[in-house]
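> Below are the C-alpha cells for one structure; questions will follow.
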Number of protein chains: 2
Amino acid sequence: MIEKLISGIEKTGAPIVVGLDPMLSYVPEYIRQKAYAQFGETLQGAGEAIWQYNKGIVDAVCDLVPAVKPQIAMYEQFGIEGLTVFHRTVQYCKEKGLLVIGDIKRGDIGSTSAAYAAGHLGRVQVGAKQYRGFDEDFATVNPYLGSDGVNPFIQVCKEEDRGLFILVKTSNPSSGEFQDRVTDGRPLYELVGEQVAKWGESCMGTGAYSDIGAVVGATYPEMGRTLRRIMPRAYILVPGYGAQGGKGADLVHFFNEDGLGAIINSSRGIIAAYQQEKYASYGETGYADAARAAVLDMKEDIASALSARK
Amino acid sequence: MIEKLISGIEKTGAPIVVGLDPMLSYVPEYIRQKAYAQFGETLQGAGEAIWQYNKGIVDAVCDLVPAVKPQIAMYEQFGIEGLTVFHRTVQYCKEKGLLVIGDIKRGDIGSTSAAYAAGHLGRVQVGAKQYRGFDEDFATVNPYLGSDGVNPFIQVCKEEDRGLFILVKTSNPSSGEFQDRVTDGRPLYELVGEQVAKWGESCMGTGAYSDIGAVVGATYPEMGRTLRRIMPRAYILVPGYGAQGGKGADLVHFFNEDGLGAIINSSRGIIAAYQQEKYASYGETGYADAARAAVLDMKEDIASALSARK
C-alpha cells in the first residue's frame with residue numbers, strides 16, 4: 001500500500017494529505033441552511049451539511065494531492081448519522097482516486113484490536129460472506145498497549161495490503177507528559193520509534209519503505225530529525241502544519257535524502273482556508289476554491305523548503 | 001456519576017461489570033439463523049443477531065450488577081450496522097437501570113478529543129438544538145497524548161456529570177513494552193497513575209471517590225497494589241478476570257479498606273459462559289441463564305476473597 005501512496009506523491013509532486021476534519025463552524029452558512037431546510041436542525045441535517053461541504057473540497061483538491069485524512073472524531077460526535085457521512089466520505093474519496101488515511105487512533109488488545117482492524121482495513125465474516133465496514137487504506141493507531149495491540153492491525157495490513165501510521169510523537173503541547181519521559185537516557189518516543197521500525201520490517205513492500213509508518217508532529221522538528229534516523233524506512237505522517245504552528249522550514253527534517261519519507265497533513269488550514277484573511281476574497285461560496293489555493297500554496301512552501309535544503 | 005456507580009455496587013453487592021463484547025462465534029446458532037433468515041448473511045443480519053443475544057444477557061443479569069461495559073470495537077467491525085446496535089444496546093441497558101461504561105479507548109487532542117467527548121458523554125450542537133450521539137455514562141480513555149487529550153473529556157464530565165476510566169496499566173502480556181518503562185526509578189504506569197490522581201482532584205463528587213477513574217489489569221496484582229496507593233480516590237476498573245487469567249484472590253489489592261474503589265470486568269467469562277464446560281448443561285438456549293450463573297459465581301468468588309482479606 002505504501003507504494004501507492006509514494007506513486008501518488010510523485011505524480012502530484014505534493015507530499016500533502018488534506019485533513020477532512022469538518023466542524024460545523026467551518027461549513028459555509030448557505031450549505032448549512034440548505035441542509036437544515038431539507039432535514040431540520042437534526043443530526044441528519046448536520047450530516048448532510050458536512051457531506052456537501054466535504055464533497056466540494058474533495059472535488060476541488062482531488063487532482064492536487066495523493067491522499068485525504070478524515071478525522072473520525074469529527075463525524076462520531078454526530079453519532080450514527082455522522083459515522084454514515086464518514087463512511088460516505090471514505091467511499092467518495094476512493095472513487096475520486098484518493099487514498100484514505102482513517103485518522104481513528106484506535107488501539108486495544110488481541111481480538112479487540114483485530115475487530116478494529118477488520119472494521120477499518122479488512123473484512124468481517126458473516127456466515128459464508130465477508131464485508132468491509134469502513135474500508136480505509138491506512139489507519140492511525142495508538143501504541144500505548146504494546147505489541148498485543150498493534151500486531152492484529154499489522155496482520156490485517158499484510159492480508160489486505162493496507163498500511164498504518166502509529167503515534168510516536170504527537171503535535172500537541174502536552175505530548176511530552178508521557179512521550180518525552182526518559183528511560184536509560186532516551187525518551188519514550190524514541191523507544192516507540194524503534195518499535196515502529198521493528199514492526200515495519202515484516203511489512204516491507206517492493207521499495208524502500210514499509211507499510212507501517214509513524215505519526216510525528218511538525219511542531220517538534222528536532223525530534224523529527226532524530227526519529228527520521230531511527231525509523232529510516234517508515235513513512236512519517238506529519239500533523240501540525242499551518243494552524244498548529246508548523247512551518248515549511250520545520251518539515252525538511254522529516255524527509256529522507258531521496259525527497260521521500262514524509263507526508264504532511266493540513267486540516268483547518270486547507271478546508272477552512274476561506275475563513276483566513278489571506279483567502280477571504282474567495283468568500284463563503286468560494287470555500288472549495290480557497291481550499292485549492294491553500295493546497296497550492298502549501299505545495300510551494302514545502303517544495304521551497306526542500307530545495308533550500310539541497 | 002461515580003456516586004451512582006457506588007450506589008449500584010452497594011445495592012447489588014456486586015462490584016462487577018459485565019463486558020458486552022459480543023463475537024458472532026459467541027452467539028448461539030439458533031439466534032444467528034433466525035437473524036440471517038430475516039436479514040440475510042449481511043451486516044444487518046449480524047447486527048440483529050448480536051442485538052438479540054445482548055438483549056437476552058442484559059435481561060438475565062440486570063438485577064445482579066450495577067453496570068455493563070460494551071466494547072465498541074466488537075460493534076464497529078460491522079460498520080454502521082454494528083454501531084447502530086452499539087447505540088441500541090447502550091439505550092436498552094440504561095432503560096434497564098444499568099450504568100453504561102463505553103469501552104471506547106479514545107484519545108486525541110484539543111477539539112478532536114472534545115468531539116469524542118461530546119459524542120459519547122455529552123451533547124453536540126446543531127443550529128439551535130442539541131443532541132446526544134451515543135450517550136454512555138462513563139468512557140475509557142487512552143492517555144498517551146497527555147493532558148491536551150484528557151482535559152476535553154474531563155470538561156464534559158464536569159458539565160454533564162459523567163465519568164472516565166483512564167488506561168494506566170492494561171491487562172495484556174505486552175502492556176509492559178511501554179507502560180513499564182522506568183523513569184527516575186519509577187515505571188511509566190506509576191507516572192500515569194499520579195496524573196490520573198491529579199486529573200481526578202477537580203472531579204470529586206460528594207463522597208470519597210472521583211469521577212475520574214483508572215483501568216488497571218487484574219493480571220498485574222502487585223502493580224494494582226501500588227497504583228491503589230498512588231490513586232486512593234480513583235475508582236479502578238479491572239479487566240482481565242476469568243478468561244484472561246485473573247482470579248478473585250488477585251483482586252483484593254485493587255480495593256480500598258472501605259471495600260470500595262474497584263469494579264471488576266468479565267466479558268467472555270460471563271456472556272459466553274454456556275460455551276465453558278462448567279456451564280455446558282445450560283445448553284445454547286440457556287445461554288442467558290448460564291451468564292446469570294456465571295455472574296453469581298463471580299460475585300461469590302470476589303466476596304470470599306474480600307472477606308478472607310479481613
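Note on naming: chains are A, B, ... as they come in the C-alpha cells, residues start from 1 per chain, ligands start from 1 in the order shown.
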When you look at B:Val238 with a cut-off of 9 Å (counting only C-alpha atoms), what residues show up, excluding the ones that are within fewer than 2 positions of it in the same chain? I need them as a VMD selection string.
chain B and resid 170 to 171 214 to 218 236 240 to 241 251 254 262 to 266
> Counting only C-alpha atoms, what are the residues of stretch 90-112 of chain A within 7 Å of stretch 135-142 of chain A, and for each of them which pair of atoms is the nearest and at what distance in Å, to one decimal? Sort the table by chain and rising number, as JSON lines.

{"residue": "A:Val90", "atom": "CA", "partner": "A:Glu136", "partner_atom": "CA", "distance": 6.7}
{"residue": "A:Leu99", "atom": "CA", "partner": "A:Asp137", "partner_atom": "CA", "distance": 6.2}
{"residue": "A:Val100", "atom": "CA", "partner": "A:Asp137", "partner_atom": "CA", "distance": 5.3}
{"residue": "A:Ile101", "atom": "CA", "partner": "A:Phe138", "partner_atom": "CA", "distance": 4.5}
{"residue": "A:Gly102", "atom": "CA", "partner": "A:Ala139", "partner_atom": "CA", "distance": 4.6}
{"residue": "A:Asp103", "atom": "CA", "partner": "A:Thr140", "partner_atom": "CA", "distance": 5.2}
{"residue": "A:Ile104", "atom": "CA", "partner": "A:Thr140", "partner_atom": "CA", "distance": 5.7}
{"residue": "A:Lys105", "atom": "CA", "partner": "A:Val141", "partner_atom": "CA", "distance": 4.4}
{"residue": "A:Arg106", "atom": "CA", "partner": "A:Val141", "partner_atom": "CA", "distance": 5.1}
{"residue": "A:Gly107", "atom": "CA", "partner": "A:Asn142", "partner_atom": "CA", "distance": 5.0}
> When the cut-off is 8 Å and we count only C-alpha atoms, which residues of chain A are near chain B, given as number ranges by chain?
A: 24, 41-43, 46, 71, 73-74, 76-80, 83-84, 105-109, 112-113, 115-120, 124, 126-129, 131-134, 142, 144-148, 170, 172-179, 181-184, 188, 192
> So which one's closest to B:Gly248, B:Leu306, B:Ala288, B:Ala273, B:Ile212? Using only C-alpha atoms, please.
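When distances to B:Gly248 are compared using only C-alpha atoms, the smallest one comes from B:Leu306.
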> Give me, please, the distance in Å between atom CA of B:Asn54 and atom CA of B:Ala291, quoted to one decimal.
11.0 Å
> Which residues are near B:Tyr235? Cut-off 7 Å, only C-alpha atoms, ignore same chain within fewer than 2 positions. Put them as a tab-separated table (two decimals) with all heavy atoms, in the first residue's frame.

chain	number	residue	atom	x	y	z
B	209	TYR	N	-14.72	9.35	46.35
B	209	TYR	CA	-14.15	8.99	45.05
B	209	TYR	C	-14.40	10.04	43.98
B	209	TYR	O	-15.38	10.78	44.04
B	209	TYR	CB	-14.68	7.62	44.61
B	209	TYR	CG	-14.16	6.51	45.51
B	209	TYR	CD1	-14.90	6.04	46.59
B	209	TYR	CD2	-12.89	5.97	45.29
B	209	TYR	CE1	-14.40	5.06	47.44
B	209	TYR	CE2	-12.38	4.99	46.13
B	209	TYR	CZ	-13.13	4.54	47.19
B	209	TYR	OH	-12.62	3.58	48.03
B	213	GLY	N	-11.59	7.80	37.01
B	213	GLY	CA	-11.02	6.54	37.46
B	213	GLY	C	-9.92	6.06	36.55
B	213	GLY	O	-9.44	6.79	35.68
B	214	ALA	N	-9.51	4.81	36.76
B	214	ALA	CA	-8.38	4.26	36.03
B	214	ALA	C	-8.67	2.83	35.61
B	214	ALA	O	-9.50	2.15	36.22
B	214	ALA	CB	-7.14	4.28	36.92
B	233	ARG	N	-8.23	7.88	45.51
B	233	ARG	CA	-9.61	8.33	45.29
B	233	ARG	C	-10.11	8.00	43.89
B	233	ARG	O	-11.17	8.45	43.48
B	233	ARG	CB	-9.71	9.82	45.57
B	233	ARG	CG	-9.10	10.18	46.94
B	233	ARG	CD	-9.19	11.64	47.23
B	233	ARG	NE	-10.43	11.95	47.89
B	233	ARG	CZ	-10.75	13.15	48.38
B	233	ARG	NH1	-9.90	14.15	48.26
B	233	ARG	NH2	-11.90	13.35	48.96
B	237	LEU	N	-11.19	0.34	37.36
B	237	LEU	CA	-11.89	-0.64	36.52
B	237	LEU	C	-10.86	-1.72	36.18
B	237	LEU	O	-9.81	-1.42	35.62
B	237	LEU	CB	-12.40	0.05	35.26
B	237	LEU	CG	-12.97	-0.85	34.16
B	237	LEU	CD1	-14.22	-1.59	34.62
B	237	LEU	CD2	-13.31	-0.02	32.92
B	261	GLY	N	-13.79	1.06	45.71
B	261	GLY	CA	-12.63	1.53	44.95
B	261	GLY	C	-12.29	0.70	43.73
B	261	GLY	O	-11.42	1.07	42.96
B	262	ALA	N	-12.98	-0.44	43.56
B	262	ALA	CA	-12.69	-1.25	42.37
B	262	ALA	C	-13.97	-1.85	41.82
B	262	ALA	O	-14.91	-2.14	42.56
B	262	ALA	CB	-11.70	-2.36	42.69
